[in-house]
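Shown next, in structure tokens, is the structure this report addresses.
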Amino acid sequence: MSCIISHQLIKEIERHLELVYPEEGAGFLLGKLPKSTSRIITKLILLENNWDEGPRTNRFLITPQDVLAAEDQADALGLSLLGVFHSHPDSINIPSEFDRNWALPWFSYLISSIHNGKTASHRLWQLSDDRSQFHEQKLLQENSNLIIAE
Amino acid sequence: MATISIPTPFRPFTEGISKLELKANHVGGAVRELADQFPTLEQHLFSENGEIRSFVNLFLNGEDVRYLQGDETLLNPDDQLRIIPSIAGGCEVNNQLF
């Protein structure tokens with residue numbers, strides 16, 4: 001499995017995550033349901049971090065109300081929620097145990113390492129069907145806006 | 001019959017089905033019925049100790065069942081139950097880069 005995303009959308013993700021640093025930031029990755037093993041991300045939904053059980057420097061929460069609104073927005077655009085992006089401020093972008101415990105299957109998880117307020121790197125992951133681990137996916141960045149074949 | 005709606009990330013485990021008619025007469029029974037019908041989905045719905053996972057939220061006719069009678073909330077014909085996940089995560093504090 002791989003995920004294709006435009007350079008423009010990657011920059012949009014970086015701006016959002018750097019803006020909320022040192023807190024974690026998050027949002028949705030949208031695109032058409034894949035007909036092949038590649039997922040093509042064509043739109044983002046940027047979200048507020050609604051974690052309220054402690055510091056947001058190492059936790060994020062997307063509420064069910066956020067999910068519902070995002071699903072409705074995706075439906076209206078003829079798209080689907082394909083995954084989530086979030087940041088690990090000043091930390092490695094490998095899924096944590098907490099990430100694994102809360103992860104949804106099938107979704108692509110883009111995790112961005114933010115170092116001193118600037119994006120260091122992005123890595124993409126997917127939960128295994130038995131929930132035991134994450135597998136890394138290929139993240140392919142395109143230089144221009146993508147034209148999606150129907 | 002009441003129905004249950006299944007979110008996109010769970011549909012690979014339900015043969016692509018997005019909505020299912022239920023025989024169960026309460027919310028907890030509905031989730032169990034879904035897991036029984038699609039066994040590979042069970043581990044995503046229930047934790048190892050048999051509890052419905054924290055990120056699995058159930059809305060009955062648009063209302064969070066936590067504000068009704070929870071898993072014991074009764075289902076009526078024409079009721080629409082919807083699974084809406086919440087999503088959380090975050091880094092380990094001992095995995096600091098720098």
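Here's how to read the names in the structure tokens: chain A, B, ... by the order shown, residue numbers from 1 in each chain, ligand numbers from 1 in the order shown.
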
query: Within 9 Å of chain B, which residues of chain A show up when using only C-alpha atoms, listed as JSON, numbers by chain?
result: {"A": [24, 51, 56, 57, 58, 59, 60, 61, 62, 63, 64, 65, 66, 67, 68, 71, 80, 81, 82, 83, 84, 86, 87, 88, 89, 90, 91, 92, 93, 94, 95, 96, 97, 98, 99, 100, 101, 102, 103, 104, 105, 106, 107, 113, 115, 129, 130, 131]}

Produce a file of the selected residues containing C-alpha atoms, as a PDB file, in the first residue's frame.
ATOM      1  CA  GLU A  24       0.042  18.084  18.727  1.00  0.00           C
ATOM      2  CA  TRP A  51      -7.711  16.453  23.979  1.00  0.00           C
ATOM      3  CA  ARG A  56      -1.738  18.457  24.327  1.00  0.00           C
ATOM      4  CA  THR A  57       2.016  18.299  23.751  1.00  0.00           C
ATOM      5  CA  ASN A  58       1.841  14.528  23.504  1.00  0.00           C
ATOM      6  CA  ARG A  59      -1.836  13.768  22.888  1.00  0.00           C
ATOM      7  CA  PHE A  60      -4.541  14.647  20.375  1.00  0.00           C
ATOM      8  CA  LEU A  61      -8.225  13.855  20.155  1.00  0.00           C
ATOM      9  CA  ILE A  62     -10.630  13.993  17.229  1.00  0.00           C
ATOM     10  CA  THR A  63     -14.141  13.849  18.663  1.00  0.00           C
ATOM     11  CA  PRO A  64     -16.985  11.812  17.177  1.00  0.00           C
ATOM     12  CA  GLN A  65     -18.629  15.128  16.295  1.00  0.00           C
ATOM     13  CA  ASP A  66     -15.501  16.015  14.272  1.00  0.00           C
ATOM     14  CA  VAL A  67     -15.663  12.615  12.568  1.00  0.00           C
ATOM     15  CA  LEU A  68     -19.346  13.028  11.771  1.00  0.00           C
ATOM     16  CA  GLU A  71     -17.806  12.279   6.936  1.00  0.00           C
ATOM     17  CA  SER A  80     -13.996   9.384   1.606  1.00  0.00           C
ATOM     18  CA  LEU A  81     -11.977   9.689   4.759  1.00  0.00           C
ATOM     19  CA  LEU A  82      -8.816   7.731   3.979  1.00  0.00           C
ATOM     20  CA  GLY A  83      -6.757   8.549   7.027  1.00  0.00           C
ATOM     21  CA  VAL A  84      -5.522  10.927   9.658  1.00  0.00           C
ATOM     22  CA  HIS A  86      -0.970  14.182  13.351  1.00  0.00           C
ATOM     23  CA  SER A  87       2.266  15.523  14.769  1.00  0.00           C
ATOM     24  CA  HIS A  88       4.781  14.215  17.275  1.00  0.00           C
ATOM     25  CA  PRO A  89       6.346  17.443  18.557  1.00  0.00           C
ATOM     26  CA  ASP A  90      10.077  17.006  19.197  1.00  0.00           C
ATOM     27  CA  SER A  91       9.612  13.270  19.014  1.00  0.00           C
ATOM     28  CA  ILE A  92      10.171  10.477  16.532  1.00  0.00           C
ATOM     29  CA  ASN A  93       7.372   9.810  14.044  1.00  0.00           C
ATOM     30  CA  ILE A  94       6.926   6.162  14.901  1.00  0.00           C
ATOM     31  CA  PRO A  95       3.469   5.217  16.238  1.00  0.00           C
ATOM     32  CA  SER A  96       3.341   5.038  20.020  1.00  0.00           C
ATOM     33  CA  GLU A  97       1.568   2.379  22.044  1.00  0.00           C
ATOM     34  CA  PHE A  98      -1.137   4.967  22.678  1.00  0.00           C
ATOM     35  CA  ASP A  99      -1.436   5.502  18.911  1.00  0.00           C
ATOM     36  CA  ARG A 100      -1.847   1.748  18.444  1.00  0.00           C
ATOM     37  CA  ASN A 101      -4.451   1.331  21.167  1.00  0.00           C
ATOM     38  CA  TRP A 102      -6.618   4.069  19.661  1.00  0.00           C
ATOM     39  CA  ALA A 103      -5.971   3.368  15.999  1.00  0.00           C
ATOM     40  CA  LEU A 104      -8.676   2.600  13.486  1.00  0.00           C
ATOM     41  CA  PRO A 105      -8.021  -0.218  11.045  1.00  0.00           C
ATOM     42  CA  TRP A 106      -7.590   0.472   7.332  1.00  0.00           C
ATOM     43  CA  PHE A 107      -6.896   4.196   7.838  1.00  0.00           C
ATOM     44  CA  SER A 113       7.936  14.919  13.451  1.00  0.00           C
ATOM     45  CA  HIS A 115      11.496  19.816  15.653  1.00  0.00           C
ATOM     46  CA  ASP A 129      -5.613  -6.195  10.875  1.00  0.00           C
ATOM     47  CA  ASP A 130      -4.849  -8.007  14.156  1.00  0.00           C
ATOM     48  CA  ARG A 131      -4.048  -4.649  15.844  1.00  0.00           C
TER      49      ARG A 131
END

DSSP-assigned helix (DSSP H, G or I) among chain A, expressed as a ChimeraX atom specification: /A:7-20,64-76,97-102

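Closest approach to Leu140 of chain A from the set A:Lys32, A:His16, A:Lys118, A:Arg39 is made by A:Arg39, with distances taken over only C-alpha atoms.
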
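Between atom CA of Ile4 of chain B and atom CA of Ala35 of chain B there is a distance of 12.0 Å.
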
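When atom CA of Pro34 of chain A is paired with atom CA of Leu79 of chain A, their separation reads 10.5 Å.
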
task: Determine which residues of chain B DSSP labels as strand (DSSP E) from the backbone of this structure, then write them out as a PyMOL selection string.
output: chain B and resi 3-5+19-21+56-60+63-64+80-85+87-89

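Rounded to one decimal, atom CA of Leu124 of chain A and atom CA of Gln137 of chain A lie 5.2 Å from each other.
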
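With only C-alpha atoms as the atoms that count, the residue of A:Asn50, A:Ser36, A:Ser121, A:Ser132 with the shortest distance to Ser2 of chain A is A:Ser36.
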
message: Using only C-alpha atoms, which protein or nucleic acid residues come within 9 Å of Glu142 of chain A? Drop anything in the same chain fewer than 4 positions from it, and give the result as JSON, numbers by chain.
response: {"A": [4, 5, 6, 7, 8, 146]}
